[in-house]
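The next block is work_1.cif, given as mmCIF, C-alpha atoms.
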```cif
data_input
#
loop_
_atom_site.label_atom_id
_atom_site.label_comp_id
_atom_site.auth_asym_id
_atom_site.auth_seq_id
_atom_site.Cartn_x
_atom_site.Cartn_y
_atom_site.Cartn_z
CA MET K 143 103.42 15.41 -28.99
CA PRO K 144 101.07 13.29 -26.88
CA ASP K 145 100.00 9.87 -28.12
CA TRP K 146 96.48 10.97 -28.90
CA ARG K 147 95.27 7.53 -29.90
CA GLY K 148 96.45 6.19 -26.58
CA VAL K 149 94.77 9.05 -24.72
CA VAL K 150 91.42 8.60 -26.48
CA ASP K 151 91.59 4.81 -26.28
CA GLN K 152 92.16 5.03 -22.55
CA GLN K 153 89.38 7.53 -21.94
CA LEU K 154 86.60 6.17 -24.11
CA ASN K 155 84.67 3.27 -22.71
CA MET K 156 82.40 1.80 -25.39
CA ARG K 157 81.88 -1.87 -24.64
CA GLU K 158 78.81 -2.28 -26.81
CA LEU K 159 80.61 -1.38 -30.03
CA THR K 160 82.62 -3.76 -32.18
CA SER K 161 86.41 -3.46 -32.12
CA ALA K 162 86.34 -2.10 -35.68
CA GLN K 163 83.88 0.62 -34.69
CA ARG K 164 85.95 1.45 -31.62
CA ASP K 165 89.18 1.65 -33.62
CA GLU K 166 87.58 3.95 -36.13
CA ILE K 167 86.15 6.29 -33.48
CA VAL K 168 89.43 6.37 -31.54
CA ALA K 169 91.36 7.20 -34.73
CA GLU K 170 88.91 9.94 -35.65
CA LEU K 171 88.78 11.64 -32.26
CA ALA K 172 92.55 11.35 -31.85
CA GLY K 173 92.98 13.11 -35.20
CA HIS K 174 90.71 15.91 -34.03
CA LEU K 175 92.64 16.45 -30.79
CA GLU K 176 95.91 16.31 -32.70
CA GLU K 177 94.76 19.11 -35.00
CA ILE K 178 93.65 21.31 -32.11
CA CYS K 179 96.97 20.74 -30.36
CA ASP K 180 98.91 21.56 -33.55
CA GLU K 181 96.83 24.67 -34.15
CA ARG K 182 97.32 26.02 -30.61
CA HIS K 183 100.99 25.14 -30.63
CA ALA K 184 101.40 27.01 -33.92
CA ALA K 185 99.60 29.95 -32.30
CA GLY K 186 102.34 30.18 -29.67
CA LEU K 187 101.33 27.89 -26.83
CA SER K 188 103.80 25.36 -25.48
CA ILE K 189 103.10 21.75 -26.37
CA SER K 190 101.81 20.93 -22.91
CA GLN K 191 99.55 24.02 -22.87
CA ALA K 192 98.30 23.16 -26.37
CA ALA K 193 97.63 19.58 -25.28
CA ASP K 194 95.71 20.79 -22.23
CA THR K 195 93.60 23.06 -24.44
CA ALA K 196 92.84 20.15 -26.73
CA LEU K 197 91.87 17.92 -23.81
CA ALA K 198 89.57 20.64 -22.50
CA GLU K 199 87.36 19.91 -25.54
CA VAL K 200 85.96 16.98 -23.58
CA ALA K 201 84.89 17.72 -20.04
CA ASP K 202 83.21 14.38 -19.41
CA TRP K 203 84.64 11.34 -21.21
CA PRO K 204 82.15 8.80 -19.80
CA ALA K 205 79.29 11.02 -21.00
CA LEU K 206 80.89 11.31 -24.44
CA SER K 207 81.34 7.52 -24.57
CA ARG K 208 77.66 7.06 -23.76
CA ARG K 209 76.57 9.62 -26.34
CA ILE K 210 78.70 8.06 -29.06
CA GLU K 211 77.49 4.58 -28.19
CA GLY K 212 73.94 5.86 -28.19
CA ALA K 213 74.42 7.50 -31.57
CA LYS K 214 76.02 4.41 -33.06
CA LEU K 215 73.75 1.85 -31.45
CA LYS K 216 70.25 3.31 -31.44
CA GLU K 217 69.71 1.49 -34.69
CA GLY K 218 70.45 -1.60 -32.63
CA VAL K 219 73.32 -3.74 -31.47
CA MET K 220 71.45 -6.41 -33.35
CA ASN K 221 72.03 -4.61 -36.61
CA GLN K 222 75.81 -4.66 -36.34
CA ARG K 223 75.74 -8.22 -35.06
CA THR K 224 73.48 -9.19 -37.94
CA LYS K 225 75.89 -7.66 -40.43
CA SER K 226 79.10 -8.97 -38.92
CA ILE K 227 78.07 -12.36 -37.49
CA TRP K 228 74.66 -13.67 -38.52
CA ILE K 229 74.73 -12.92 -42.24
CA PRO K 230 78.34 -14.09 -42.86
CA GLY K 231 77.72 -17.08 -40.58
CA LEU K 232 74.55 -18.10 -42.37
CA ILE K 233 76.25 -17.73 -45.75
CA THR K 234 79.02 -20.04 -44.52
CA LEU K 235 76.40 -22.49 -43.28
CA ILE K 236 74.62 -22.40 -46.66
CA PHE K 237 77.92 -23.14 -48.41
CA THR K 238 78.78 -26.09 -46.15
CA SER K 239 75.27 -27.55 -46.24
CA GLY K 240 75.02 -26.94 -49.99
CA ALA K 241 78.35 -28.69 -50.58
CA LEU K 242 77.20 -31.69 -48.56
CA ALA K 243 73.91 -31.79 -50.47
CA MET K 244 75.79 -31.62 -53.78
CA LEU K 245 77.91 -34.61 -52.78
CA GLU K 246 74.70 -36.51 -52.06
CA VAL K 247 73.23 -35.47 -55.42
CA TRP K 248 76.38 -36.50 -57.26
CA ARG K 249 76.37 -39.74 -55.29
CA VAL K 250 79.89 -39.27 -54.01
CA GLN K 251 80.59 -42.20 -51.76
CA PRO K 252 81.77 -41.29 -48.29
CA HIS K 253 84.82 -42.86 -46.75
CA VAL K 254 83.79 -45.09 -43.86
CA THR K 255 86.25 -45.92 -41.12
CA TRP K 256 85.28 -48.80 -38.90
CA MET K 257 86.22 -48.53 -35.28
CA ARG K 258 86.18 -51.15 -32.58
CA ALA K 259 82.71 -52.23 -31.47
CA GLY K 260 81.55 -51.91 -35.07
CA ILE K 261 81.18 -48.12 -35.07
CA GLY K 262 81.35 -46.71 -38.60
CA LEU K 263 82.59 -43.14 -39.01
CA VAL K 264 81.51 -41.45 -42.22
CA PHE K 265 83.94 -38.99 -43.81
CA TYR K 266 83.15 -36.93 -46.88
CA THR K 267 86.76 -36.16 -47.76
CA PRO K 268 86.06 -33.58 -50.54
CA TRP K 269 83.67 -31.80 -48.16
CA LEU K 270 86.29 -31.68 -45.40
CA ILE K 271 88.90 -30.39 -47.86
CA ALA K 272 86.52 -27.57 -48.84
CA GLN K 273 85.94 -26.45 -45.23
CA PRO K 274 88.88 -24.02 -45.00
CA THR K 275 87.51 -22.17 -48.04
CA PHE K 276 84.10 -21.85 -46.38
CA GLY K 277 85.69 -20.70 -43.14
CA ALA K 278 87.66 -18.10 -45.07
CA ILE K 279 84.50 -16.84 -46.79
CA GLY K 280 82.71 -16.40 -43.46
CA ALA K 281 85.63 -14.58 -41.82
CA TYR K 282 86.19 -12.40 -44.89
CA LEU K 283 82.52 -11.35 -45.07
CA SER K 284 82.51 -10.58 -41.36
CA ARG K 285 85.68 -8.47 -41.66
CA ARG K 286 84.17 -6.60 -44.59
CA ALA K 287 81.11 -5.82 -42.44
CA GLY K 288 83.36 -4.37 -39.73
CA GLY K 289 83.37 -7.44 -37.47
CA GLY K 290 86.05 -7.75 -34.81
CA ARG K 291 88.28 -10.82 -34.41
CA CYS K 292 85.71 -12.68 -32.35
CA ALA K 293 82.93 -11.96 -34.88
CA ARG K 294 85.16 -13.09 -37.77
CA LEU K 295 86.07 -16.33 -36.03
CA THR K 296 82.44 -16.96 -35.08
CA SER K 297 81.33 -16.39 -38.68
CA GLY K 298 84.01 -18.71 -40.01
CA LEU K 299 83.17 -21.41 -37.47
CA PHE K 300 79.42 -20.91 -37.74
CA PRO K 301 78.56 -24.31 -39.32
CA ALA K 302 80.61 -26.18 -36.70
CA LEU K 303 78.99 -24.12 -33.95
CA MET K 304 75.56 -25.00 -35.31
CA MET K 305 76.52 -28.69 -35.28
CA LEU K 306 77.78 -28.25 -31.73
CA ALA K 307 74.46 -26.70 -30.72
CA SER K 308 72.60 -29.58 -32.41
CA PHE K 309 74.70 -32.07 -30.48
CA PHE K 310 73.88 -30.37 -27.21
CA VAL K 311 70.18 -30.39 -28.04
CA ILE K 312 70.29 -34.09 -28.95
CA LEU K 313 72.24 -34.90 -25.79
CA GLY K 314 69.86 -32.85 -23.66
CA VAL K 315 66.77 -34.49 -25.11
CA GLY K 316 68.39 -37.93 -24.83
CA PHE K 317 69.26 -37.47 -21.17
CA VAL K 318 65.82 -36.12 -20.33
CA LEU K 319 64.17 -39.10 -22.05
CA ARG K 320 66.51 -41.44 -20.20
CA MET K 321 65.74 -39.79 -16.85
CA LEU K 322 62.02 -40.02 -17.56
CA ARG K 323 62.57 -43.68 -18.53
CA VAL K 324 60.85 -43.04 -21.87
CA SER K 325 63.83 -44.21 -23.90
CA ASP K 326 67.10 -45.93 -23.14
CA ASP K 327 68.85 -44.94 -26.38
CA PHE K 328 71.36 -42.80 -24.50
CA ARG K 329 72.76 -45.50 -22.27
CA PRO K 330 76.49 -45.16 -21.41
CA GLU K 331 77.52 -47.69 -24.06
CA VAL K 332 76.34 -45.27 -26.76
CA TRP K 333 78.47 -42.37 -25.52
CA PRO K 334 81.69 -43.42 -27.31
CA ILE K 335 79.74 -43.54 -30.58
CA LEU K 336 78.43 -40.03 -29.94
CA ALA K 337 81.91 -38.83 -29.05
CA ALA K 338 83.28 -40.26 -32.30
CA HIS K 339 80.56 -38.57 -34.35
CA PHE K 340 81.18 -35.37 -32.43
CA GLY K 341 84.79 -35.54 -33.56
CA VAL K 342 83.87 -36.17 -37.20
CA TRP K 343 81.07 -33.60 -37.53
CA VAL K 344 82.15 -30.87 -35.10
CA VAL K 345 85.83 -31.01 -34.14
CA ILE K 346 87.43 -31.86 -37.50
CA PRO K 347 85.23 -29.50 -39.63
CA GLY K 348 85.64 -26.85 -36.92
CA PHE K 349 89.39 -27.15 -37.10
CA ALA K 350 89.31 -26.95 -40.91
CA LEU K 351 86.99 -23.93 -40.86
CA ALA K 352 89.22 -22.16 -38.31
CA LEU K 353 92.21 -22.84 -40.52
CA GLY K 354 90.50 -21.01 -43.39
CA ALA K 355 89.40 -18.14 -41.15
CA LEU K 356 92.88 -17.66 -39.71
CA PRO K 357 94.27 -15.28 -42.40
CA PHE K 358 91.33 -12.93 -41.81
CA LEU K 359 91.72 -12.63 -38.06
CA GLY K 360 94.60 -10.17 -38.14
CA ALA K 361 94.13 -6.50 -37.31
CA ALA K 362 92.80 -4.42 -40.17
CA ARG K 363 92.91 -0.63 -40.56
CA PRO K 364 89.81 1.17 -39.31
CA GLN K 365 86.81 -0.05 -41.25
CA GLU K 366 83.97 2.03 -42.56
CA SER K 367 81.14 1.25 -40.20
CA MET I 247 75.89 36.21 -28.75
CA LYS I 248 77.65 32.85 -28.97
CA ILE I 249 75.86 29.55 -29.09
CA ARG I 250 77.93 26.64 -27.89
CA ILE I 251 76.36 23.49 -29.18
CA GLY I 252 76.41 21.02 -26.35
CA LYS I 253 75.62 21.10 -22.71
CA GLN I 254 74.94 24.81 -22.61
CA ILE I 255 71.85 24.52 -24.78
CA PRO I 256 70.88 20.88 -24.78
CA SER I 257 67.54 21.63 -26.36
CA LYS I 258 65.87 20.62 -29.56
CA ILE I 259 66.56 24.10 -30.89
CA ALA I 260 70.32 23.71 -30.47
CA ARG I 261 70.12 20.23 -31.91
CA GLY I 262 68.11 21.35 -34.89
CA SER I 263 70.41 24.30 -35.55
CA ALA I 264 73.44 21.99 -35.36
CA GLU I 265 71.89 19.63 -37.89
CA LEU I 266 71.13 22.51 -40.22
CA ALA I 267 74.65 23.94 -39.84
CA ILE I 268 76.35 20.62 -40.60
CA LEU I 269 74.10 19.70 -43.52
CA SER I 270 74.37 23.19 -45.03
CA LEU I 271 78.16 23.11 -44.81
CA LEU I 272 78.45 19.61 -46.25
CA SER I 273 76.08 20.46 -49.08
CA LYS I 274 78.93 22.59 -50.47
CA GLN I 275 81.88 20.27 -49.96
CA ALA I 276 83.10 17.25 -48.00
CA PHE I 277 84.98 18.04 -44.78
CA TYR I 278 86.39 16.10 -41.86
CA GLY I 279 85.37 16.67 -38.25
CA PHE I 280 87.93 19.29 -37.26
CA GLU I 281 87.29 21.26 -40.46
CA ILE I 282 83.53 21.08 -39.92
CA ALA I 283 83.91 22.61 -36.45
CA ARG I 284 86.27 25.33 -37.72
CA ARG I 285 84.22 26.20 -40.81
CA ILE I 286 80.97 26.46 -38.88
CA GLU I 287 82.63 28.72 -36.33
CA GLU I 288 84.13 30.92 -39.06
CA GLU I 289 81.08 31.04 -41.31
CA SER I 290 78.75 31.83 -38.42
CA GLY I 291 81.09 34.65 -37.39
CA GLY I 292 81.94 32.78 -34.21
CA ALA I 293 78.29 32.57 -33.18
CA LEU I 294 78.13 28.79 -33.46
CA ARG I 295 80.86 26.69 -31.95
CA PHE I 296 81.18 22.94 -31.77
CA ASN I 297 83.62 21.17 -29.51
CA LEU I 298 84.71 17.57 -29.97
CA ALA I 299 82.20 16.29 -27.43
CA SER I 300 79.25 17.91 -29.19
CA LEU I 301 80.34 17.38 -32.78
CA TYR I 302 81.00 13.66 -33.11
CA PRO I 303 77.84 12.25 -31.51
CA MET I 304 75.94 14.55 -33.88
CA LEU I 305 77.93 13.42 -36.93
CA TYR I 306 77.39 9.74 -36.03
CA GLU I 307 73.71 10.38 -35.51
CA LEU I 308 73.37 12.06 -38.91
CA GLU I 309 75.37 9.27 -40.51
CA LYS I 310 73.12 6.64 -38.98
CA ARG I 311 70.09 8.43 -40.38
CA GLY I 312 71.73 8.21 -43.78
CA TRP I 313 71.95 12.00 -44.22
CA ILE I 314 75.74 12.11 -44.35
CA LYS I 315 78.41 9.53 -45.12
CA GLY I 316 81.95 9.27 -43.78
CA ARG I 317 84.93 7.98 -45.72
CA TRP I 318 88.60 7.74 -44.78
CA GLU I 319 90.86 9.81 -47.00
CA THR I 320 94.30 11.32 -46.66
CA ASN I 321 94.28 15.09 -46.21
CA ARG I 322 96.80 17.59 -47.60
CA ALA I 323 99.02 17.13 -44.56
CA GLY I 324 99.22 13.39 -45.33
CA ARG I 325 97.05 12.38 -42.37
CA ASP I 326 94.18 9.92 -42.54
CA ARG I 327 90.96 11.74 -41.80
CA ARG I 328 87.32 10.75 -42.06
CA TYR I 329 85.66 13.05 -44.58
CA TYR I 330 81.92 13.52 -44.39
CA SER I 331 79.77 14.27 -47.40
CA ILE I 332 76.05 14.82 -47.68
CA THR I 333 73.99 12.02 -49.20
CA ALA I 334 71.04 12.34 -51.56
CA GLN I 335 68.79 11.64 -48.59
CA GLY I 336 70.53 14.40 -46.64
CA ARG I 337 69.99 16.88 -49.48
CA ARG I 338 66.32 15.99 -49.59
CA ARG I 339 66.14 16.63 -45.83
CA LEU I 340 68.04 19.92 -46.03
CA ALA I 341 65.45 21.83 -48.06
CA PRO I 342 62.50 21.36 -45.63
CA LEU I 343 64.88 21.90 -42.70
CA ARG I 344 65.86 25.30 -44.09
CA ARG I 345 62.19 26.18 -44.63
CA GLU I 346 61.32 25.20 -41.06
CA TRP I 347 64.08 27.39 -39.66
CA ARG I 348 63.16 30.36 -41.85
CA PHE I 349 59.57 29.99 -40.71
CA PHE I 350 60.70 29.70 -37.08
CA PHE I 351 62.90 32.81 -37.18
CA ALA I 352 60.26 34.77 -39.08
CA ALA I 353 57.77 33.88 -36.37
CA LEU I 354 60.19 34.98 -33.64
CA GLU I 355 60.90 38.19 -35.53
CA ARG I 356 57.17 38.98 -35.78
CA LEU I 357 56.79 38.25 -32.09
CA ALA I 358 59.65 40.58 -31.25
CA GLU I 359 58.14 43.34 -33.42
CA VAL I 360 54.80 42.99 -31.67
CA SER I 361 56.43 43.17 -28.24
CA ARG I 362 58.40 46.27 -29.30
CA ALA I 363 55.28 48.03 -30.62
#
```

Produce structure tokens that represent the structure in this file.
Amino acid sequence: MPDWRGVVDQQLNMRELTSAQRDEIVAELAGHLEEICDERHAAGLSISQAADTALAEVADWPALSRRIEGAKLKEGVMNQRTKSIWIPGLITLIFTSGALAMLEVWRVQPHVTWMRAGIGLVFYTPWLIAQPTFGAIGAYLSRRAGGGRCARLTSGLFPALMMLASFFVILGVGFVLRMLRVSDDFRPEVWPILAAHFGVWVVIPGFALALGALPFLGAARPQES
Amino acid sequence: MKIRIGKQIPSKIARGSAELAILSLLSKQAFYGFEIARRIEEESGGALRFNLASLYPMLYELEKRGWIKGRWETNRAGRDRRYYSITAQGRRRLAPLRREWRFFFAALERLAEVSRA
């Protein structure tokens, strides 16, 4: 018997859909072709004749791919992205920000590590320890919404990505102000301090979040989309 | 006369009749794609025939509208298949759809009678 999943997977070209949606469609169409092939084979055709009859069901695979994408996406790519990235990501962000706020409310003292040149790096150890849990929540929610690996990782890392974006904005504004000679706060001597804070607020939490998301990045069976 | 739903009659009429056929069938029982195509062909006496390329875009479209819902289940042969069932919204849509089609065919029938007379 032909590998129908392989055949359909090779023929369908649906780049706009998530991997979960693709997997589900491939599995469904492959099942349909398999049944036609079985039926025709049972009716007396050879396997290769039965397979040819099944394949004749689709005269134009690119057109079918477009029609399926159209049917799945008319509601909007945004909708699937919202469900599998934005909502899980924002929930993760709320958890991480909320946890940080709670530490402030409970007056938990941060751990300060002093570096050379008098730079103090602030660590909220309980907050960092909680990051893998938040990353796991984001990746889990994304997987439940049918998100592919990339969407799950993005959702899990969302708070760190937001911090990364904030850093870029701050750097951009700082450099523009320096070029316009409005402010000299971003002189080269400050860069090591920024790099250190980047490590504490982006790299380390990002690593911890990714660690939590890791168990949810594996392949799952076709999801309900 | 056979109506092949798909490229042969890519009109709103074919589309509407396909929607009615699928919703009517699923209002009785949940079926998966292959069964839907077979049942419609059998129950229409071979007059309506879906192929894979015409069936699935239609099913996904109806699912997106919230008229039907798909769910993976294992069939009697032990294979995972996506069974479609009609939703409450789909049932609400089916009644006016049936009326529209009855009205449409009645109008065509009257027209044919007039032209025969």

Quiz item: Residues at most 10 Å from Ser273 of chain I, counting all atoms listed in the file, excluding those fewer than 5 positions away in the same chain, as an NGL selection string?
Solution: :I and (267-268 or 314 or 331-334 or 336-337 or 340)

Quiz item: Residues picked by the PyMOL selection byres ((chain I) within 12 of (chain K)) here, as a PyMOL selection string?
Solution: chain I and resi 250+252-253+278-284+295-312+315-321+323-330

Could you write out as a PDB file with C-alpha atoms, keeping the file's coordinate frame the residues that the PyMOL selection byres ((chain I and resi 343) around 12) matches in the shown file?
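selection.pdb, freshly written:
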```pdb
ATOM      1  CA  GLY I 262      68.110  21.350 -34.890  1.00  0.00           C
ATOM      2  CA  SER I 263      70.410  24.300 -35.550  1.00  0.00           C
ATOM      3  CA  ALA I 264      73.440  21.990 -35.360  1.00  0.00           C
ATOM      4  CA  GLU I 265      71.890  19.630 -37.890  1.00  0.00           C
ATOM      5  CA  LEU I 266      71.130  22.510 -40.220  1.00  0.00           C
ATOM      6  CA  ALA I 267      74.650  23.940 -39.840  1.00  0.00           C
ATOM      7  CA  ILE I 268      76.350  20.620 -40.600  1.00  0.00           C
ATOM      8  CA  LEU I 269      74.100  19.700 -43.520  1.00  0.00           C
ATOM      9  CA  SER I 270      74.370  23.190 -45.030  1.00  0.00           C
ATOM     10  CA  GLY I 336      70.530  14.400 -46.640  1.00  0.00           C
ATOM     11  CA  ARG I 337      69.990  16.880 -49.480  1.00  0.00           C
ATOM     12  CA  ARG I 338      66.320  15.990 -49.590  1.00  0.00           C
ATOM     13  CA  ARG I 339      66.140  16.630 -45.830  1.00  0.00           C
ATOM     14  CA  LEU I 340      68.040  19.920 -46.030  1.00  0.00           C
ATOM     15  CA  ALA I 341      65.450  21.830 -48.060  1.00  0.00           C
ATOM     16  CA  PRO I 342      62.500  21.360 -45.630  1.00  0.00           C
ATOM     17  CA  ARG I 344      65.860  25.300 -44.090  1.00  0.00           C
ATOM     18  CA  ARG I 345      62.190  26.180 -44.630  1.00  0.00           C
ATOM     19  CA  GLU I 346      61.320  25.200 -41.060  1.00  0.00           C
ATOM     20  CA  TRP I 347      64.080  27.390 -39.660  1.00  0.00           C
ATOM     21  CA  ARG I 348      63.160  30.360 -41.850  1.00  0.00           C
ATOM     22  CA  PHE I 349      59.570  29.990 -40.710  1.00  0.00           C
ATOM     23  CA  PHE I 350      60.700  29.700 -37.080  1.00  0.00           C
TER      24      PHE I 350
END
```

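Atom CA of Thr234 of chain K is found 5.7 Å from atom CA of Phe276 of chain K.
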
Box for segment 286-293 of chain I - axis-aligned, 3 Å on each of the six sides, all listed atoms - centre and size in Å to one decimal, as JSON.
```
{"center_x": 81.2, "center_y": 30.6, "center_z": -37.2, "size_x": 11.8, "size_y": 14.2, "size_z": 14.1}
```

Practice problem: Find the residues with any atom within 10 Å of (82.9, -4.9, -28.5); use only C-alpha atoms and the coordinates as given in the file, and write the answer as a PyMOL selection string. | Solution: chain K and resi 156-164+289-293

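With atom CA of Val247 of chain K on one side and atom CA of Trp343 of chain K on the other, the separation reads 19.6 Å.
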
Practice problem: Carefully work through the PyMOL selection byres ((chain K and resi 269) around 8) for this structure and note down the residues it includes, as JSON, numbers by chain. | Solution: {"K": [238, 241, 242, 245, 266, 267, 268, 270, 271, 272, 273]}

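Separating atom CA of Met257 of chain K from atom CA of Val332 of chain K is a distance of 13.4 Å.
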
Quiz item: Pick from K:Ser239, K:Thr296, K:Gln153, K:Thr195: nearest to Glu181 of chain K, with only C-alpha atoms counted?
Solution: K:Thr195

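Distances from K:Val250, K:Gly277, K:Ala185, K:Phe237 to Phe265 of chain K were compared using all atoms listed in the file, and the smallest one belongs to K:Val250.
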
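Checking K:Gly314, K:Arg286, K:Ile233, K:Gly341 one by one against Phe328 of chain K, counting all atoms listed in the file, you find the shortest gap at K:Gly314.
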